[in-house]
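Following: one structure in structure tokens, then a few remarks.
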Amino acid sequence: MRDAVLPVAFAALCGYFAWDSQQGDFGLVAREQKLVDIAQARMALTKAEADRAALERRVAGLRGDRIDRDQLDERARTLLNLVGKDEIVIPYEPGKRLFQ
């Protein structure tokens, strides 16, 4: 019995490290989950960059010596909540707006 204690303890220690390399905080399962998280974060970054580029294009039309009159008119009407006498207003449901 005394001769079996050391090999059994060594086997248990090896088993623990083998299990931890698969299921532990830094194991293979956690690595796969982190790769999925990274892919999702990259997709969110791509979407945010596209949104930012769209907003920068809109803002560029309101700056400098080349002001886009239609965009300026649209923005002023939105901020001031005004419409012309000959215009028809179709309200959108909450969450269904064309722009933010």
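If you're wondering about the labels, chains in the structure tokens are A, B, ... by order shown, residues count from 1 in each chain, ligands from 1 in order shown.
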
Next item on the list: Might you pull out every residue within 10 Å of region 71-87 of chain A, with only C-alpha atoms counted and same-chain residues fewer than 3 positions away left off, and present them as a PyMOL selection string?
Entry: chain A and resi 58-59+61-63+67-68+90

Using only C-alpha atoms, please write the residues we just selected to a file, as a compact mmCIF listing (two decimals), in the first residue's frame.
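Heads up, here's the output in again.txt:
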# COMPACT_ATOMS: atom_id res chain seq x y z
CA ARG A 58 -23.65 64.24 -42.79
CA VAL A 59 -21.75 66.68 -40.58
CA GLY A 61 -22.35 68.77 -45.38
CA LEU A 62 -23.07 71.29 -42.61
CA ARG A 63 -19.54 72.69 -42.25
CA ILE A 67 -22.95 73.83 -46.89
CA ASP A 68 -25.56 71.45 -48.26
CA ILE A 90 -46.48 61.71 -41.37

Checklist line | Near-region 32-41 of chain A list (12 Å; only C-alpha atoms; drop same-chain fewer than 6 positions) as a count of residues only | finding: 6

Next item on the list: Going by DSSP on the backbone, which bits of region 11-100 of chain A are alpha helix (DSSP H)? Write them as JSON, numbers by chain, please.
Entry: {"A": [11, 12, 13, 14, 15, 16, 17, 18, 19, 20, 21, 22, 23, 28, 29, 30, 31, 32, 33, 34, 35, 36, 37, 38, 39, 40, 41, 42, 43, 44, 45, 46, 47, 48, 49, 50, 51, 52, 53, 54, 55, 56, 57, 58, 59, 60, 69, 70, 71, 72, 73, 74, 75, 76, 77, 78, 79, 80]}
